[in-house]
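**Q** Hey, dropping input_20.txt in here, compact mmCIF, C-alpha atoms:
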# COMPACT_ATOMS: atom_id res chain seq x y z
CA MET A 208 -26.95 -14.52 -10.82
CA SER A 209 -29.19 -13.79 -7.88
CA VAL A 210 -28.66 -10.61 -5.89
CA PRO A 211 -27.12 -11.36 -2.47
CA PRO A 212 -29.31 -11.00 0.64
CA GLY A 213 -29.81 -7.48 1.95
CA PHE A 214 -29.29 -5.72 -1.37
CA LYS A 215 -32.14 -3.70 -2.89
CA PRO A 216 -32.33 -1.45 -5.96
CA HIS A 217 -29.97 1.46 -5.31
CA PHE A 218 -31.79 4.40 -3.73
CA ARG A 219 -29.67 7.08 -5.38
CA LYS A 220 -30.10 7.67 -9.11
CA SER A 221 -27.63 9.64 -11.22
CA PRO A 222 -27.23 10.42 -14.92
CA LEU A 223 -23.68 9.03 -14.65
CA THR A 224 -24.74 5.65 -13.29
CA ASP A 225 -28.02 5.25 -15.26
CA PRO A 226 -26.29 3.33 -18.11
CA TRP A 227 -24.81 0.91 -15.52
CA GLU A 228 -28.16 -0.13 -14.04
CA PRO A 229 -29.24 -2.21 -12.34
CA LEU A 230 -27.29 -1.05 -9.31
CA TYR A 231 -28.03 -2.34 -5.83
CA SER A 232 -27.16 -1.16 -2.34
CA LYS A 233 -27.58 -2.10 1.26
CA ARG A 234 -27.21 0.00 4.35
CA THR A 235 -25.40 -1.19 7.43
CA GLU A 236 -24.98 0.61 10.72
CA ASP A 237 -21.71 2.11 9.46
CA ALA A 238 -21.92 2.29 5.68
CA VAL A 239 -23.68 2.12 2.36
CA ILE A 240 -22.49 -0.82 0.25
CA ILE A 241 -23.11 -0.69 -3.50
CA GLY A 242 -23.42 -3.90 -5.50
CA ILE A 243 -23.50 -4.69 -9.21
CA GLU A 244 -23.22 -7.75 -11.42
CA ALA A 245 -20.49 -7.01 -13.97
CA ASP A 246 -21.79 -7.15 -17.54
CA THR A 247 -20.56 -6.06 -20.95
CA GLN A 248 -21.57 -2.39 -20.46
CA HIS A 249 -19.24 -2.23 -17.43
CA CYS A 250 -16.17 -3.64 -19.18
CA ASN A 251 -13.36 -2.71 -21.51
CA SER A 252 -12.54 -4.61 -24.70
CA ARG A 253 -10.59 -7.27 -22.75
CA GLY A 254 -13.59 -8.19 -20.59
CA PHE A 255 -12.25 -6.51 -17.44
CA VAL A 256 -14.49 -4.16 -15.47
CA HIS A 257 -13.35 -0.66 -16.44
CA GLY A 258 -11.32 1.24 -13.86
CA GLY A 259 -13.49 4.32 -14.40
CA LEU A 260 -16.60 2.42 -13.30
CA ILE A 261 -14.76 1.04 -10.27
CA SER A 262 -13.53 4.54 -9.38
CA ALA A 263 -16.95 6.15 -9.74
CA LEU A 264 -18.81 3.54 -7.69
CA ALA A 265 -16.12 3.43 -4.99
CA ASP A 266 -16.35 7.24 -4.74
CA ASN A 267 -20.14 6.96 -4.56
CA ALA A 268 -20.13 4.32 -1.81
CA MET A 269 -17.57 6.16 0.32
CA GLY A 270 -19.36 9.51 -0.11
CA LEU A 271 -22.78 8.08 0.78
CA SER A 272 -21.27 6.31 3.80
CA CYS A 273 -19.75 9.57 5.02
CA ALA A 274 -22.94 11.55 4.38
CA ALA A 275 -24.93 9.06 6.46
CA ARG A 276 -22.87 10.14 9.50
CA HIS A 277 -24.06 13.76 9.33
CA GLU A 278 -27.22 15.74 9.93
CA ASN A 279 -28.09 18.78 7.80
CA VAL A 280 -25.75 17.83 4.97
CA SER A 281 -26.68 18.82 1.43
CA GLY A 282 -23.89 16.71 -0.04
CA LEU A 283 -20.22 15.94 -0.15
CA VAL A 284 -17.72 17.01 -2.79
CA THR A 285 -14.75 14.78 -3.51
CA ILE A 286 -11.44 16.54 -2.87
CA SER A 287 -9.16 13.56 -3.38
CA LEU A 288 -9.71 10.01 -4.62
CA HIS A 289 -7.17 7.25 -5.03
CA LEU A 290 -7.44 3.62 -6.01
CA ASP A 291 -5.05 0.72 -6.07
CA PHE A 292 -6.13 -2.00 -8.48
CA VAL A 293 -5.19 -5.39 -7.04
CA ARG A 294 -6.65 -7.77 -9.65
CA PRO A 295 -9.12 -7.49 -12.51
CA ALA A 296 -12.84 -7.96 -12.08
CA ARG A 297 -14.60 -9.72 -14.95
CA ILE A 298 -17.96 -10.10 -16.62
CA GLY A 299 -20.35 -12.17 -14.51
CA GLN A 300 -18.74 -11.37 -11.16
CA TRP A 301 -20.68 -9.75 -8.32
CA LEU A 302 -18.93 -6.54 -7.24
CA GLU A 303 -19.37 -4.94 -3.83
CA PHE A 304 -18.12 -1.45 -3.05
CA GLU A 305 -17.78 -1.23 0.70
CA THR A 306 -16.52 1.44 3.05
CA THR A 307 -14.25 -0.02 5.69
CA PHE A 308 -13.15 3.13 7.51
CA LEU A 309 -14.66 6.56 8.05
CA LYS A 310 -13.46 9.66 9.80
CA PRO A 311 -16.26 12.18 9.79
CA GLY A 312 -15.44 15.80 10.54
CA SER A 313 -17.36 19.06 10.56
CA ASN A 314 -15.91 20.25 7.22
CA ILE A 315 -13.80 17.37 5.92
CA ASP A 316 -14.48 13.62 5.92
CA SER A 317 -12.12 10.83 4.98
CA ALA A 318 -12.93 7.27 4.03
CA GLN A 319 -11.27 4.06 2.96
CA GLY A 320 -12.89 1.18 1.19
CA ARG A 321 -12.40 -1.91 -0.84
CA VAL A 322 -13.97 -3.38 -3.93
CA LEU A 323 -14.72 -7.10 -3.88
CA ALA A 324 -15.27 -9.26 -6.97
CA ASP A 325 -17.00 -12.49 -5.91
CA GLY A 326 -15.60 -11.90 -2.41
CA GLU A 327 -11.98 -11.31 -3.51
CA VAL A 328 -10.38 -7.86 -3.20
CA CYS A 329 -9.90 -6.31 -6.64
CA ALA A 330 -9.29 -2.69 -5.57
CA LEU A 331 -8.53 -0.59 -2.50
CA ALA A 332 -9.80 2.98 -2.31
CA GLY A 333 -9.44 6.12 -0.26
CA ALA A 334 -11.07 9.54 -0.47
CA ILE A 335 -11.32 12.92 1.20
CA PHE A 336 -14.58 14.87 0.96
CA ARG A 337 -15.64 18.44 1.71
CA VAL A 338 -18.90 18.45 3.66
CA GLN A 339 -21.57 20.74 2.22
CA THR A 340 -23.98 21.74 4.99
CA THR A 341 -27.47 23.12 4.63
CA LYS A 342 -27.76 26.63 5.92
CA LYS A 343 -30.17 27.28 8.77
CA VAL A 344 -32.45 30.28 8.29
Mind turning the file's structure into structure tokens?
**A**
Amino acid sequence: MSVPPGFKPHFRKSPLTDPWEPLYSKRTEDAVIIGIEADTQHCNSRGFVHGGLISALADNAMGLSCAARHENVSGLVTISLHLDFVRPARIGQWLEFETTFLKPGSNIDSAQGRVLADGEVCALAGAIFRVQTTKKV
């Protein structure tokens, strides 16, 4: 599978996501979209992409999208995360984790997103984040 246009190697590395590499992302005016080709290391024994991977990458995409709306932010901490799984994603499918709605605030951000498997919705997500600001000296 070739990586869709606009996606580059993901700019944010993490010990959690290292075993799932290669991860890709693209930035739009409003969001960070994460992309991955589902492979065996992403799946459960039935060949479905594991819900834990979907949850983690949806959380990551929504958090990065919210953080991009702020200045002087050291990070965001997830307060609440929920997912509705619509259909399974399978080995060989291209998954995109996109943020479709953001409500940035000074202390709390909220986001909604969806996970697409070969362009079809496989999960809907929502999250609330606490904004961690850098202190000015």
**Q** Would you mind telling me which residue in A:Arg294, A:Lys215, A:Lys233, A:Arg253 lies nearest to Ala330 in chain A when using all atoms listed in the file?
**A**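 Of A:Arg294, A:Lys215, A:Lys233, A:Arg253, the one nearest Ala330 in chain A, counting all atoms listed in the file, is A:Arg294.
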**Q** With only C-alpha atoms as the atoms that count, which of A:Gly326, A:His257, A:Ser262, A:Ser313 lies nearest to Pro211 in chain A?
**A**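 Ranking A:Gly326, A:His257, A:Ser262, A:Ser313 by distance to Pro211 in chain A, first place goes to A:Gly326.
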**Q** State, in Å with one decimal place, the distance from CA of Met269 in chain A to CA of Ala318 in chain A.
**A**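 Taking CA of Met269 in chain A and CA of Ala318 in chain A, their separation equals 6.0 Å.
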**Q** If we count all atoms listed in the file and set the cut-off at 8 Å, which residues sit around Val284 in chain A, ignoring sequence neighbours fewer than 4 positions away in its own chain? Please answer as an MDAnalysis selection string.
**A** chainID A and resid 336:339
**Q** Determine, counting all atoms listed in the file, which protein, DNA and RNA residues have an atom within 10 Å of an atom of Ser232 in chain A; residues of the same chain fewer than 5 positions away are not included. Present the result as a PyMOL selection string.
**A** chain A and resi 213-219+239-243+268+303-305
**Q** Please compute the CA of Leu260 in chain A-CA of Ala296 in chain A distance, one decimal, in Å.
**A**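 It comes out at 11.1 Å.
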**Q** Using all atoms listed in the file, list the residues that have an atom at most 6 Å from (-20.7, -10.2, -7.9), coordinates as in the file, as a VMD selection string.
**A** chain A and resid 244 300 to 302 324 to 325
**Q** Which one of A:Asn267, A:Thr340, A:Ser272, A:Ser317 sits closest to Lys220 in chain A if you count all atoms listed in the file?
**A**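 Of the candidates, the smallest distance to Lys220 in chain A is held by A:Asn267.
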**Q** Calculated over only C-alpha atoms, which of the candidates A:Asp266, A:Leu230, A:Ile298, A:Ser209 has the smallest distance to His249 in chain A?
**A**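 Using only C-alpha atoms, the shortest distance to His249 in chain A belongs to A:Ile298.
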**Q** Grab all the atoms of range 233-247 of chain A that the file lists, wrap them in a box along x, y and z, add 8 Å per side, and give me centre plus edge lengths in Å (one decimal) as lines of an AutoDock Vina configuration file.
**A**
center_x = -24.0
center_y = -2.7
center_z = -5.1
size_x = 23.1
size_y = 26.0
size_z = 47.7
**Q** Please indicate the distance in Å from CA of Leu271 in chain A to CA of His289 in chain A, rounded to one decimal place.
**A**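 One can read the CA of Leu271 in chain A to CA of His289 in chain A distance as 16.7 Å.
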**Q** Return the single residue from A:Cys250, A:Ile335, A:Ile261, A:Val210 that is closest to Pro311 in chain A, with distances computed using all atoms listed in the file.
**A** A:Ile335
**Q** Looking at A:Gly258, A:Glu236, A:Leu264, A:Asp246, which one is nearest to Arg276 in chain A, with distances taken over only C-alpha atoms?
**A** A:Glu236
**Q** Render range 235-329 of chain A from the structure in the preceding block as a file of C-alpha atoms, as a tab-separated table (two decimals), in the first residue's frame.
**A**
chain	number	residue	atom	x	y	z
A	235	THR	CA	-4.35	20.70	8.12
A	236	GLU	CA	-5.40	24.19	9.07
A	237	ASP	CA	-7.64	22.74	11.80
A	238	ALA	CA	-6.16	19.42	12.85
A	239	VAL	CA	-3.49	16.76	12.96
A	240	ILE	CA	-4.57	13.57	11.19
A	241	ILE	CA	-2.74	10.35	12.04
A	242	GLY	CA	-2.53	7.53	9.51
A	243	ILE	CA	-1.43	3.91	9.69
A	244	GLU	CA	-1.66	0.80	7.54
A	245	ALA	CA	-3.16	-1.94	9.72
A	246	ASP	CA	-0.82	-4.91	10.07
A	247	THR	CA	-0.58	-7.95	12.31
A	248	GLN	CA	1.03	-6.04	15.22
A	249	HIS	CA	-2.07	-3.79	15.35
A	250	CYS	CA	-4.63	-6.60	15.48
A	251	ASN	CA	-6.23	-9.09	17.80
A	252	SER	CA	-6.37	-12.83	17.13
A	253	ARG	CA	-9.41	-12.42	14.83
A	254	GLY	CA	-7.58	-10.03	12.49
A	255	PHE	CA	-9.45	-6.93	13.66
A	256	VAL	CA	-7.50	-3.80	14.61
A	257	HIS	CA	-7.43	-3.80	18.41
A	258	GLY	CA	-9.70	-1.30	20.15
A	259	GLY	CA	-6.83	-0.25	22.41
A	260	LEU	CA	-4.77	0.89	19.41
A	261	ILE	CA	-7.77	2.73	17.98
A	262	SER	CA	-8.39	4.42	21.35
A	263	ALA	CA	-4.77	5.45	21.82
A	264	LEU	CA	-4.34	6.90	18.33
A	265	ALA	CA	-7.71	8.67	18.41
A	266	ASP	CA	-6.71	10.23	21.75
A	267	ASN	CA	-3.35	11.22	20.25
A	268	ALA	CA	-4.88	12.84	17.14
A	269	MET	CA	-7.50	14.78	19.11
A	270	GLY	CA	-4.95	15.93	21.71
A	271	LEU	CA	-2.43	17.09	19.09
A	272	SER	CA	-5.21	18.89	17.20
A	273	CYS	CA	-6.26	20.72	20.36
A	274	ALA	CA	-2.67	21.57	21.32
A	275	ALA	CA	-2.11	23.12	17.88
A	276	ARG	CA	-4.74	25.75	18.76
A	277	HIS	CA	-2.76	27.09	21.74
A	278	GLU	CA	0.39	29.06	22.39
A	279	ASN	CA	2.58	28.35	25.43
A	280	VAL	CA	1.15	24.89	26.01
A	281	SER	CA	3.39	22.22	27.51
A	282	GLY	CA	0.83	19.50	26.83
A	283	LEU	CA	-2.67	18.25	27.32
A	284	VAL	CA	-3.85	15.60	29.76
A	285	THR	CA	-6.85	13.47	28.85
A	286	ILE	CA	-9.68	13.84	31.35
A	287	SER	CA	-12.29	11.83	29.48
A	288	LEU	CA	-12.19	9.66	26.37
A	289	HIS	CA	-15.02	7.74	24.77
A	290	LEU	CA	-15.29	5.69	21.60
A	291	ASP	CA	-18.13	4.10	19.73
A	292	PHE	CA	-16.96	1.26	17.50
A	293	VAL	CA	-19.08	1.21	14.34
A	294	ARG	CA	-17.43	-1.61	12.36
A	295	PRO	CA	-14.16	-3.52	12.54
A	296	ALA	CA	-11.00	-2.38	10.81
A	297	ARG	CA	-8.86	-5.17	9.36
A	298	ILE	CA	-5.31	-5.99	8.36
A	299	GLY	CA	-4.29	-4.18	5.17
A	300	GLN	CA	-6.68	-1.25	5.59
A	301	TRP	CA	-5.47	2.35	5.73
A	302	LEU	CA	-6.69	3.98	8.96
A	303	GLU	CA	-7.04	7.72	9.43
A	304	PHE	CA	-7.63	9.29	12.82
A	305	GLU	CA	-9.13	12.70	12.19
A	306	THR	CA	-10.44	15.43	14.46
A	307	THR	CA	-13.72	16.79	13.18
A	308	PHE	CA	-14.61	19.24	15.96
A	309	LEU	CA	-12.61	21.24	18.47
A	310	LYS	CA	-13.58	23.58	21.25
A	311	PRO	CA	-10.43	25.09	22.67
A	312	GLY	CA	-10.58	26.78	26.05
A	313	SER	CA	-8.09	28.36	28.41
A	314	ASN	CA	-8.05	25.36	30.79
A	315	ILE	CA	-10.22	22.70	29.17
A	316	ASP	CA	-10.45	21.61	25.52
A	317	SER	CA	-12.95	19.25	23.96
A	318	ALA	CA	-12.71	17.39	20.68
A	319	GLN	CA	-14.62	14.94	18.54
A	320	GLY	CA	-13.22	12.76	15.84
A	321	ARG	CA	-13.70	9.76	13.67
A	322	VAL	CA	-11.59	6.84	12.60
A	323	LEU	CA	-11.77	5.83	8.95
A	324	ALA	CA	-10.76	2.43	7.57
A	325	ASP	CA	-10.26	2.73	3.80
A	326	GLY	CA	-12.56	5.78	3.91
A	327	GLU	CA	-15.37	4.09	5.88
A	328	VAL	CA	-16.15	5.14	9.46
A	329	CYS	CA	-15.11	2.41	11.90
